>>> print(open('final-v6.cif').read())   # mmCIF, C-alpha atoms
data_target
#
loop_
_atom_site.group_PDB
_atom_site.id
_atom_site.type_symbol
_atom_site.label_atom_id
_atom_site.label_comp_id
_atom_site.auth_asym_id
_atom_site.auth_seq_id
_atom_site.Cartn_x
_atom_site.Cartn_y
_atom_site.Cartn_z
ATOM 1 C CA MET A 6 81.362 58.715 -171.841
ATOM 2 C CA ALA A 7 78.582 57.033 -173.931
ATOM 3 C CA ARG A 8 79.731 55.397 -177.150
ATOM 4 C CA LYS A 9 78.454 57.136 -180.294
ATOM 5 C CA ALA A 10 76.039 54.962 -182.343
ATOM 6 C CA VAL A 11 77.492 53.645 -185.605
ATOM 7 C CA ALA A 12 74.194 52.866 -187.363
ATOM 8 C CA THR A 13 72.009 55.959 -187.748
ATOM 9 C CA SER A 14 69.590 57.110 -190.448
ATOM 10 C CA GLU A 15 72.240 59.402 -191.925
ATOM 11 C CA THR A 16 75.065 56.827 -191.929
ATOM 12 C CA VAL A 17 72.831 54.080 -193.350
ATOM 13 C CA ALA A 18 71.517 56.451 -196.061
ATOM 14 C CA ALA A 19 75.115 57.414 -196.938
ATOM 15 C CA ALA A 20 76.100 53.748 -197.148
ATOM 16 C CA VAL A 21 73.141 52.976 -199.411
ATOM 17 C CA GLU A 22 74.088 55.896 -201.680
ATOM 18 C CA SER A 23 77.622 54.607 -201.873
ATOM 19 C CA LEU A 24 76.540 51.041 -202.679
ATOM 20 C CA VAL A 25 74.051 52.197 -205.322
ATOM 21 C CA GLY A 26 76.758 54.368 -206.829
ATOM 22 C CA GLU A 27 78.993 51.282 -207.005
ATOM 23 C CA GLY A 28 76.195 49.326 -208.704
ATOM 24 C CA LEU A 29 75.656 47.005 -205.717
ATOM 25 C CA ASP A 30 72.463 46.050 -203.940
ATOM 26 C CA PRO A 31 72.278 47.654 -200.493
ATOM 27 C CA THR A 32 72.039 44.549 -198.334
ATOM 28 C CA VAL A 33 72.334 44.557 -194.506
ATOM 29 C CA GLU A 34 75.758 42.863 -194.642
ATOM 30 C CA ARG A 35 77.134 45.342 -197.192
ATOM 31 C CA VAL A 36 75.748 48.326 -195.310
ATOM 32 C CA ARG A 37 77.252 46.982 -192.062
ATOM 33 C CA ALA A 38 80.602 46.489 -193.833
ATOM 34 C CA LYS A 39 80.447 50.108 -195.055
ATOM 35 C CA LEU A 40 79.653 51.315 -191.531
ATOM 36 C CA GLY A 41 82.417 49.199 -189.995
ATOM 37 C CA GLY A 42 80.065 47.493 -187.495
ATOM 38 C CA GLY A 43 76.723 48.003 -185.799
ATOM 39 C CA SER A 44 73.703 45.984 -184.771
ATOM 40 C CA TYR A 45 72.100 43.844 -187.484
ATOM 41 C CA THR A 46 68.628 44.574 -186.117
ATOM 42 C CA THR A 47 69.197 48.334 -186.107
ATOM 43 C CA ILE A 48 70.764 48.331 -189.559
ATOM 44 C CA ASN A 49 67.928 46.185 -190.909
ATOM 45 C CA ARG A 50 65.305 48.584 -189.514
ATOM 46 C CA LEU A 51 67.073 51.723 -190.739
ATOM 47 C CA LEU A 52 67.810 50.156 -194.123
ATOM 48 C CA ALA A 53 64.076 49.435 -194.601
ATOM 49 C CA ASP A 54 63.253 53.055 -193.758
ATOM 50 C CA VAL A 55 65.939 54.393 -196.126
ATOM 51 C CA LEU A 56 64.803 52.141 -198.986
ATOM 52 C CA ALA A 57 61.164 53.116 -198.445
ATOM 53 C CA GLN A 58 62.102 56.785 -198.355
ATOM 54 C CA ARG A 59 64.174 56.410 -201.543
ATOM 55 C CA GLN A 60 61.258 54.684 -203.201
ATOM 56 C CA SER A 61 58.905 57.495 -202.207
ATOM 57 C CA GLN A 62 61.344 60.104 -203.463
ATOM 58 C CA ALA A 63 61.786 58.265 -206.736
ATOM 59 C CA ALA A 64 58.040 58.092 -207.216
ATOM 60 C CA ALA A 65 57.646 61.773 -206.409
ATOM 61 C CA VAL A 66 60.363 63.131 -208.718
ATOM 62 C CA SER A 67 59.666 60.976 -211.730
ATOM 63 C CA GLU A 68 56.527 60.362 -213.612
ATOM 64 C CA VAL A 69 56.534 56.862 -214.984
ATOM 65 C CA PRO A 70 53.798 54.625 -216.167
ATOM 66 C CA ALA A 71 51.794 52.892 -213.504
ATOM 67 C CA ASP A 72 52.779 49.446 -214.683
ATOM 68 C CA LEU A 73 56.468 50.426 -214.489
ATOM 69 C CA VAL A 74 55.958 51.789 -211.016
ATOM 70 C CA GLU A 75 54.266 48.542 -210.060
ATOM 71 C CA ILE A 76 57.182 46.581 -211.507
ATOM 72 C CA GLY A 77 59.594 48.779 -209.586
ATOM 73 C CA GLN A 78 57.671 48.331 -206.418
ATOM 74 C CA ARG A 79 57.644 44.563 -206.890
ATOM 75 C CA ALA A 80 61.379 44.641 -207.535
ATOM 76 C CA VAL A 81 61.990 46.763 -204.463
ATOM 77 C CA ALA A 82 59.737 44.501 -202.424
ATOM 78 C CA SER A 83 61.571 41.465 -203.764
ATOM 79 C CA ILE A 84 64.914 43.055 -202.936
ATOM 80 C CA TYR A 85 63.638 44.073 -199.497
ATOM 81 C CA ALA A 86 62.280 40.559 -198.867
ATOM 82 C CA ALA A 87 65.609 39.051 -199.904
ATOM 83 C CA VAL A 88 67.467 41.506 -197.709
ATOM 84 C CA GLN A 89 65.047 40.799 -194.866
ATOM 85 C CA ARG A 90 65.511 37.034 -195.214
ATOM 86 C CA GLN A 91 69.273 37.413 -195.302
ATOM 87 C CA ALA A 92 69.187 39.701 -192.281
ATOM 88 C CA ASN A 93 66.869 37.365 -190.371
ATOM 89 C CA ALA A 94 69.086 34.379 -191.166
ATOM 90 C CA LYS A 95 72.136 36.301 -190.054
ATOM 91 C CA ILE A 96 70.330 37.425 -186.891
ATOM 92 C CA GLU A 97 69.200 33.872 -186.138
ATOM 93 C CA ALA A 98 72.750 32.600 -186.656
ATOM 94 C CA ILE A 99 74.097 35.308 -184.374
ATOM 95 C CA GLU A 100 71.436 34.573 -181.762
ATOM 96 C CA ALA A 101 72.138 30.827 -181.981
ATOM 97 C CA ASP A 102 75.862 31.503 -181.579
ATOM 98 C CA ALA A 103 75.095 33.830 -178.657
ATOM 99 C CA ARG A 104 72.927 31.148 -177.024
ATOM 100 C CA LYS A 105 75.755 28.643 -177.486
ATOM 101 C CA GLN A 106 78.217 31.082 -175.930
ATOM 102 C CA ILE A 107 75.788 31.754 -173.073
ATOM 103 C CA ASP A 108 75.315 28.015 -172.508
ATOM 104 C CA ALA A 109 79.077 27.507 -172.619
ATOM 105 C CA ALA A 110 79.520 30.383 -170.177
ATOM 106 C CA LYS A 111 76.891 28.877 -167.874
ATOM 107 C CA ARG A 112 78.628 25.502 -168.036
ATOM 108 C CA ALA A 113 81.989 27.155 -167.376
ATOM 109 C CA LEU A 114 80.412 29.043 -164.461
ATOM 110 C CA ALA A 115 78.975 25.819 -163.030
ATOM 111 C CA GLU A 116 82.338 24.076 -163.473
ATOM 112 C CA ALA A 117 84.064 27.055 -161.826
ATOM 113 C CA ALA A 118 81.613 26.860 -158.913
ATOM 114 C CA LEU A 119 82.324 23.135 -158.544
ATOM 115 C CA GLU A 120 86.063 23.801 -158.755
ATOM 116 C CA ILE A 121 85.755 26.545 -156.120
ATOM 117 C CA GLU A 122 83.820 24.169 -153.869
ATOM 118 C CA ARG A 123 86.456 21.479 -154.393
ATOM 119 C CA LEU A 124 89.269 23.928 -153.668
ATOM 120 C CA GLU A 125 87.443 25.082 -150.529
ATOM 121 C CA ARG A 126 87.184 21.473 -149.338
ATOM 122 C CA GLU A 127 90.865 20.928 -150.123
ATOM 123 C CA GLY A 128 91.655 24.154 -148.244
ATOM 124 C CA GLU A 129 89.710 22.909 -145.212
ATOM 125 C CA HIS A 130 91.541 19.575 -145.384
ATOM 126 C CA ALA A 131 94.854 21.412 -145.746
ATOM 127 C CA VAL A 132 94.026 23.556 -142.676
ATOM 128 C CA GLU A 133 93.167 20.420 -140.687
ATOM 129 C CA ALA A 134 96.369 18.704 -141.866
ATOM 130 C CA LEU A 135 98.379 21.817 -140.953
ATOM 131 C CA ALA A 136 96.805 21.867 -137.486
ATOM 132 C CA ALA A 137 97.669 18.168 -137.056
ATOM 133 C CA GLU A 138 101.242 18.818 -138.225
ATOM 134 C CA GLN A 139 101.545 21.746 -135.820
ATOM 135 C CA LYS A 140 100.266 19.557 -132.965
ATOM 136 C CA ALA A 141 102.733 16.810 -133.893
ATOM 137 C CA THR A 142 105.506 19.408 -134.052
ATOM 138 C CA GLN A 143 104.594 20.700 -130.596
ATOM 139 C CA GLU A 144 104.659 17.121 -129.244
ATOM 140 C CA VAL A 145 108.078 16.522 -130.796
ATOM 141 C CA VAL A 146 109.356 19.809 -129.323
ATOM 142 C CA ALA A 147 108.018 18.788 -125.906
ATOM 143 C CA ARG A 148 109.729 15.393 -126.196
ATOM 144 C CA ALA A 149 112.968 17.109 -127.214
ATOM 145 C CA GLU A 150 112.703 19.456 -124.220
ATOM 146 C CA ARG A 151 112.122 16.489 -121.893
ATOM 147 C CA ALA A 152 115.126 14.708 -123.421
ATOM 148 C CA GLU A 153 117.236 17.840 -122.916
ATOM 149 C CA ALA A 154 116.115 18.033 -119.289
ATOM 150 C CA THR A 155 116.985 14.347 -118.816
ATOM 151 C CA ALA A 156 120.400 14.937 -120.374
ATOM 152 C CA GLN A 157 121.014 17.907 -118.077
ATOM 153 C CA ALA A 158 119.978 15.835 -115.051
ATOM 154 C CA SER A 159 122.347 13.076 -116.211
ATOM 155 C CA HIS A 160 125.153 15.644 -116.532
ATOM 156 C CA ALA A 161 124.450 16.854 -113.001
ATOM 157 C CA GLU A 162 124.408 13.271 -111.687
ATOM 158 C CA ILE A 163 127.680 12.521 -113.466
ATOM 159 C CA GLU A 164 129.271 15.626 -111.967
ATOM 160 C CA ARG A 165 128.013 14.612 -108.502
ATOM 161 C CA LEU A 166 129.356 11.071 -108.917
ATOM 162 C CA THR A 167 132.641 12.468 -110.241
ATOM 163 C CA ARG A 168 132.975 14.641 -107.138
ATOM 164 C CA ALA A 169 132.061 11.655 -104.939
ATOM 165 C CA LEU A 170 134.663 9.558 -106.748
ATOM 166 C CA ALA A 171 137.294 12.252 -106.191
ATOM 167 C CA VAL A 172 136.381 12.375 -102.484
ATOM 168 C CA ALA A 173 136.501 8.567 -102.279
ATOM 169 C CA GLN A 174 139.858 8.528 -104.035
ATOM 170 C CA ALA A 175 141.164 11.152 -101.615
ATOM 171 C CA ASP A 176 139.830 9.101 -98.673
ATOM 172 C CA ALA A 177 141.440 5.989 -100.095
ATOM 173 C CA GLN A 178 144.719 7.809 -100.540
ATOM 174 C CA ALA A 179 144.522 9.080 -96.966
ATOM 175 C CA ALA A 180 143.696 5.570 -95.768
ATOM 176 C CA ARG A 181 146.691 4.213 -97.671
ATOM 177 C CA ALA A 182 148.873 6.903 -96.101
ATOM 178 C CA SER A 183 147.500 6.006 -92.654
ATOM 179 C CA GLU A 184 148.096 2.339 -93.387
ATOM 180 C CA HIS A 185 151.661 3.072 -94.478
ATOM 181 C CA GLU A 186 152.260 5.183 -91.389
ATOM 182 C CA ALA A 187 150.764 2.480 -89.160
ATOM 183 C CA LEU A 188 152.963 -0.124 -90.789
ATOM 184 C CA GLN A 189 156.009 2.082 -90.265
ATOM 185 C CA ARG A 190 155.091 2.629 -86.597
ATOM 186 C CA ALA A 191 154.481 -1.078 -86.184
ATOM 187 C CA THR A 192 157.854 -1.782 -87.753
ATOM 188 C CA ARG A 193 159.532 0.717 -85.466
ATOM 189 C CA THR A 194 157.713 -0.746 -82.460
ATOM 190 C CA GLU A 195 158.712 -4.267 -83.449
ATOM 191 C CA ASP A 196 162.323 -3.165 -83.871
ATOM 192 C CA ALA A 197 162.194 -1.479 -80.497
ATOM 193 C CA ARG A 198 160.666 -4.593 -78.921
ATOM 194 C CA ARG A 199 163.311 -6.802 -80.449
ATOM 195 C CA SER A 200 166.021 -4.418 -79.378
ATOM 196 C CA ALA A 201 164.557 -4.272 -75.852
ATOM 197 C CA GLU A 202 164.279 -8.050 -75.774
ATOM 198 C CA MET A 203 167.868 -8.430 -76.849
ATOM 199 C CA GLU A 204 168.916 -5.896 -74.246
ATOM 200 C CA SER A 205 166.837 -7.714 -71.666
ATOM 201 C CA ARG A 206 168.405 -11.023 -72.536
ATOM 202 C CA LYS A 207 171.808 -9.470 -72.394
ATOM 203 C CA GLU A 208 170.919 -7.896 -69.088
ATOM 204 C CA ILE A 209 169.546 -11.207 -67.784
ATOM 205 C CA ASP A 210 172.701 -12.993 -68.831
ATOM 206 C CA ARG A 211 174.767 -10.352 -67.186
ATOM 207 C CA LEU A 212 172.579 -10.432 -64.070
ATOM 208 C CA GLN A 213 172.726 -14.191 -63.918
ATOM 209 C CA LYS A 214 176.482 -13.978 -64.063
ATOM 210 C CA ALA A 215 176.415 -11.299 -61.447
ATOM 211 C CA LEU A 216 173.985 -13.377 -59.387
ATOM 212 C CA ALA A 217 176.311 -16.294 -59.525
ATOM 213 C CA LEU A 218 179.084 -14.021 -58.501
ATOM 214 C CA ALA A 219 176.835 -12.578 -55.825
ATOM 215 C CA GLU A 220 175.965 -16.010 -54.521
ATOM 216 C CA ALA A 221 179.656 -16.635 -54.242
ATOM 217 C CA HIS A 222 179.809 -13.451 -52.309
ATOM 218 C CA ALA A 223 176.426 -13.775 -50.589
ATOM 219 C CA GLU A 224 177.018 -11.572 -47.722
ATOM 220 C CA SER A 225 178.709 -8.847 -49.672
ATOM 221 C CA GLY A 226 176.393 -9.046 -52.665
ATOM 222 C CA HIS A 227 172.918 -9.253 -51.064
ATOM 223 C CA ILE A 228 172.221 -5.553 -51.743
ATOM 224 C CA GLU A 229 173.503 -5.855 -55.312
ATOM 225 C CA THR A 230 171.266 -8.897 -55.867
ATOM 226 C CA GLN A 231 168.232 -6.957 -54.724
ATOM 227 C CA ARG A 232 169.117 -4.093 -57.024
ATOM 228 C CA LEU A 233 169.501 -6.378 -59.994
ATOM 229 C CA THR A 234 166.190 -8.073 -59.165
ATOM 230 C CA ASN A 235 164.501 -4.724 -59.231
ATOM 231 C CA ARG A 236 166.072 -3.943 -62.578
ATOM 232 C CA LEU A 237 164.875 -7.285 -63.920
ATOM 233 C CA ALA A 238 161.328 -6.539 -62.787
ATOM 234 C CA ALA A 239 161.505 -3.169 -64.503
ATOM 235 C CA ALA A 240 162.743 -4.825 -67.684
ATOM 236 C CA GLU A 241 159.866 -7.299 -67.549
ATOM 237 C CA GLY A 242 157.416 -4.422 -67.100
ATOM 238 C CA GLU A 243 158.908 -2.660 -70.097
ATOM 239 C CA ARG A 244 158.557 -5.851 -72.066
ATOM 240 C CA GLU A 245 154.861 -6.145 -71.175
ATOM 241 C CA LYS A 246 154.369 -2.540 -72.154
ATOM 242 C CA VAL A 247 155.992 -3.210 -75.531
ATOM 243 C CA GLU A 248 153.726 -6.257 -75.990
ATOM 244 C CA LYS A 249 150.640 -4.131 -75.289
ATOM 245 C CA GLU A 250 151.760 -1.458 -77.766
ATOM 246 C CA ARG A 251 152.313 -4.171 -80.335
ATOM 247 C CA ALA A 252 148.791 -5.570 -79.791
ATOM 248 C CA GLU A 253 147.334 -2.060 -80.064
ATOM 249 C CA LEU A 254 149.224 -1.445 -83.296
ATOM 250 C CA GLU A 255 148.002 -4.751 -84.715
ATOM 251 C CA ARG A 256 144.418 -3.836 -83.776
ATOM 252 C CA ARG A 257 144.748 -0.411 -85.428
ATOM 253 C CA LEU A 258 146.308 -2.034 -88.490
ATOM 254 C CA ALA A 259 143.371 -4.439 -88.771
ATOM 255 C CA LYS A 260 140.944 -1.498 -88.442
ATOM 256 C CA ALA A 261 142.843 0.437 -91.120
ATOM 257 C CA GLU A 262 142.723 -2.577 -93.440
ATOM 258 C CA ALA A 263 138.958 -2.885 -92.867
ATOM 259 C CA ALA A 264 138.562 0.843 -93.622
ATOM 260 C CA VAL A 265 140.582 0.417 -96.828
ATOM 261 C CA GLU A 266 138.359 -2.476 -97.882
ATOM 262 C CA ARG A 267 135.225 -0.394 -97.258
ATOM 263 C CA VAL A 268 136.684 2.505 -99.215
ATOM 264 C CA GLN A 269 137.565 0.164 -102.088
ATOM 265 C CA ALA A 270 134.020 -1.242 -102.042
ATOM 266 C CA ASP A 271 132.572 2.275 -102.077
ATOM 267 C CA LEU A 272 134.950 3.196 -104.868
ATOM 268 C CA GLU A 273 133.821 0.202 -106.925
ATOM 269 C CA LYS A 274 130.173 1.058 -106.310
ATOM 270 C CA THR A 275 130.858 4.661 -107.299
ATOM 271 C CA ARG A 276 132.530 3.470 -110.510
ATOM 272 C CA GLN A 277 129.498 1.304 -111.309
ATOM 273 C CA ASP A 278 127.140 4.233 -110.638
ATOM 274 C CA LEU A 279 129.297 6.433 -112.851
ATOM 275 C CA GLN A 280 129.205 3.826 -115.619
ATOM 276 C CA ARG A 281 125.404 3.583 -115.354
ATOM 277 C CA ALA A 282 125.131 7.376 -115.371
ATOM 278 C CA ARG A 283 127.313 7.605 -118.481
ATOM 279 C CA GLU A 284 125.174 4.944 -120.153
ATOM 280 C CA GLY A 285 122.057 6.932 -119.221
ATOM 281 C CA GLU A 286 123.649 10.077 -120.621
ATOM 282 C CA ARG A 287 124.495 8.290 -123.880
ATOM 283 C CA LEU A 288 120.931 6.981 -124.192
ATOM 284 C CA ALA A 289 119.544 10.442 -123.411
ATOM 285 C CA ARG A 290 121.801 12.006 -126.072
ATOM 286 C CA ASP A 291 120.729 9.380 -128.633
ATOM 287 C CA GLU A 292 117.066 10.026 -127.828
ATOM 288 C CA ALA A 293 117.610 13.798 -128.044
ATOM 289 C CA ALA A 294 119.348 13.386 -131.433
ATOM 290 C CA GLU A 295 116.499 11.191 -132.677
ATOM 291 C CA LEU A 296 113.908 13.724 -131.487
ATOM 292 C CA ARG A 297 115.823 16.565 -133.141
ATOM 293 C CA GLY A 298 115.783 14.554 -136.408
ATOM 294 C CA GLU A 299 112.025 14.006 -136.102
ATOM 295 C CA LEU A 300 111.510 17.722 -135.365
ATOM 296 C CA LYS A 301 113.596 18.735 -138.357
ATOM 297 C CA SER A 302 111.736 16.286 -140.640
ATOM 298 C CA SER A 303 108.367 17.519 -139.325
ATOM 299 C CA ARG A 304 109.315 21.161 -139.895
ATOM 300 C CA GLY A 305 110.558 20.369 -143.399
ATOM 301 C CA GLY A 306 107.146 18.785 -144.206
ATOM 302 C CA ASP A 307 105.300 21.961 -143.157
ATOM 303 C CA LYS A 308 106.740 24.026 -146.050
ATOM 304 C CA PRO A 309 104.001 25.264 -148.420
ATOM 305 C CA ARG A 310 103.856 23.675 -151.814
ATOM 306 C CA LYS A 311 104.655 25.789 -154.827
#
>>> encode(input="final-v6.cif", output="structure tokens")
Amino acid sequence: MARKAVATSETVAAAVESLVGEGLDPTVERVRAKLGGGSYTTINRLLADVLAQRQSQAAAVSEVPADLVEIGQRAVASIYAAVQRQANAKIEAIEADARKQIDAAKRALAEAALEIERLEREGEHAVEALAAEQKATQEVVARAERAEATAQASHAEIERLTRALAVAQADAQAARASEHEALQRATRTEDARRSAEMESRKEIDRLQKALALAEAHAESGHIETQRLTNRLAAAEGEREKVEKERAELERRLAKAEAAVERVQADLEKTRQDLQRAREGERLARDEAAELRGELKSSRGGDKPRK
């Protein structure tokens, strides 16, 4: 809805009537104060029309001497000139203030444009920095994933070495059991050999005594001598057999000892591999922890500023 004009011919005429009734000169400022606002230019134009109309009406309704009319006209003209000068000065002041405000607004607009341009450049730099931070974050995440994969591989290698160590320990235990059993068999064989040797010696002593007795009874003891000789040969054969079993047991014992040494060497190597694997796992965990710290720090730096 259009705003109703404050300064019209009627309102200005009413204001002039009021001011004249109060004994005051109807200046532009006083009329504007009576109206409560309005354009100085409009009020000045309407005030001139109202004053001219009032002057015409005064001349028409009253018959006064010509010289008095001339004096009145000069007075009105003087008042009008004074009002006009005051209005022009006020208008010039208002226009000067308006030009100052316009210049200030133009300067503020230029400064705002420069500030917008600066903020746009900062925004572009911020976008580039954010892209760089995102790229760095992706690289850190990739490094963390590689570290995790290395740690998992180390875990798998440790588990494999642990299983190999358990197998080696079981083999070593079995080898020790075999060694113990071989030693027991060797001991039993040695005891049997000694017992057989003692029996053989006893038998030889007895046979020698019998042979002496048989020689004393040569004719009657020839068959007995032959029998005893056969028994002696059998005893010697048994002794050779015992000696062979003993040599075989000693060979098997030496082989078992060599197997135990190999198993111990493998066990030591397995322990060294396990130690290296654990060291690799520790290093991988340290690297993963360091990468997680870098990732956390990088993500904390990406938070928008308030």
>>> residues_around(input="final-v6.cif", residues="Ala141 (chain A)", least_positions_apart="4", cutoff="8 Å", atoms="all atoms listed in the file", output="count of residues only")
3
>>> resolve_selection(input="final-v6.cif", expression="the PyMOL selection byres ((chain A and resi 15) around 12)", output="tab-separated table (two decimals) with C-alpha atoms, in the frame of the given file")
chain	number	residue	atom	x	y	z
A	10	ALA	CA	76.04	54.96	-182.34
A	11	VAL	CA	77.49	53.64	-185.60
A	12	ALA	CA	74.19	52.87	-187.36
A	13	THR	CA	72.01	55.96	-187.75
A	14	SER	CA	69.59	57.11	-190.45
A	16	THR	CA	75.06	56.83	-191.93
A	17	VAL	CA	72.83	54.08	-193.35
A	18	ALA	CA	71.52	56.45	-196.06
A	19	ALA	CA	75.11	57.41	-196.94
A	20	ALA	CA	76.10	53.75	-197.15
A	21	VAL	CA	73.14	52.98	-199.41
A	22	GLU	CA	74.09	55.90	-201.68
A	40	LEU	CA	79.65	51.32	-191.53
A	48	ILE	CA	70.76	48.33	-189.56
A	51	LEU	CA	67.07	51.72	-190.74
A	52	LEU	CA	67.81	50.16	-194.12
A	54	ASP	CA	63.25	53.06	-193.76
A	55	VAL	CA	65.94	54.39	-196.13
>>> atom_distance(input="final-v6.cif", atom1="CA of Gln62 (chain A)", atom2="CA of Thr47 (chain A)")
22.4 Å
>>> residues_around(input="final-v6.cif", residues="region 193-196 of chain A", least_positions_apart="4", cutoff="10 Å", atoms="all atoms listed in the file", output="list in words")
Ala187, Leu188, Gln189, Ser200, Ala201, Glu202, Val247, Glu248, Glu250, Arg251 and Leu254 of chain A
>>> closest_residue(input="final-v6.cif", among="A:Ala239, A:Ala289, A:Ala294, A:Ala197", to="Ala152 (chain A)", atoms="all atoms listed in the file")
A:Ala289
>>> resolve_selection(input="final-v6.cif", expression="the PyMOL selection byres ((chain A and resi 241) around 12)", output="list in words")
Arg198, Ala201, Glu202, Glu204, Ser205, Arg206, Glu208, Ile209, Thr234, Asn235, Arg236, Leu237, Ala238, Ala239, Ala240, Gly242, Glu243, Arg244, Glu245, Lys246, Val247 and Glu248 of chain A
>>> closest_residue(input="final-v6.cif", among="A:Glu299, A:Asp210, A:Glu184, A:Glu97", to="Ala264 (chain A)", atoms="only C-alpha atoms")
A:Glu184
>>> atom_distance(input="final-v6.cif", atom1="CA of Thr155 (chain A)", atom2="CA of Glu273 (chain A)")
25.0 Å
>>> residues_around(input="final-v6.cif", residues="Arg283 (chain A)", least_positions_apart="5", cutoff="12 Å", atoms="only C-alpha atoms", output="list in words")
Ala156, Ala158, Ser159, His160, Ala161, Glu162, Ile163, Glu164, Leu166, Thr167, Arg276, Gln277, Asp278, Leu288, Ala289 and Arg290 of chain A
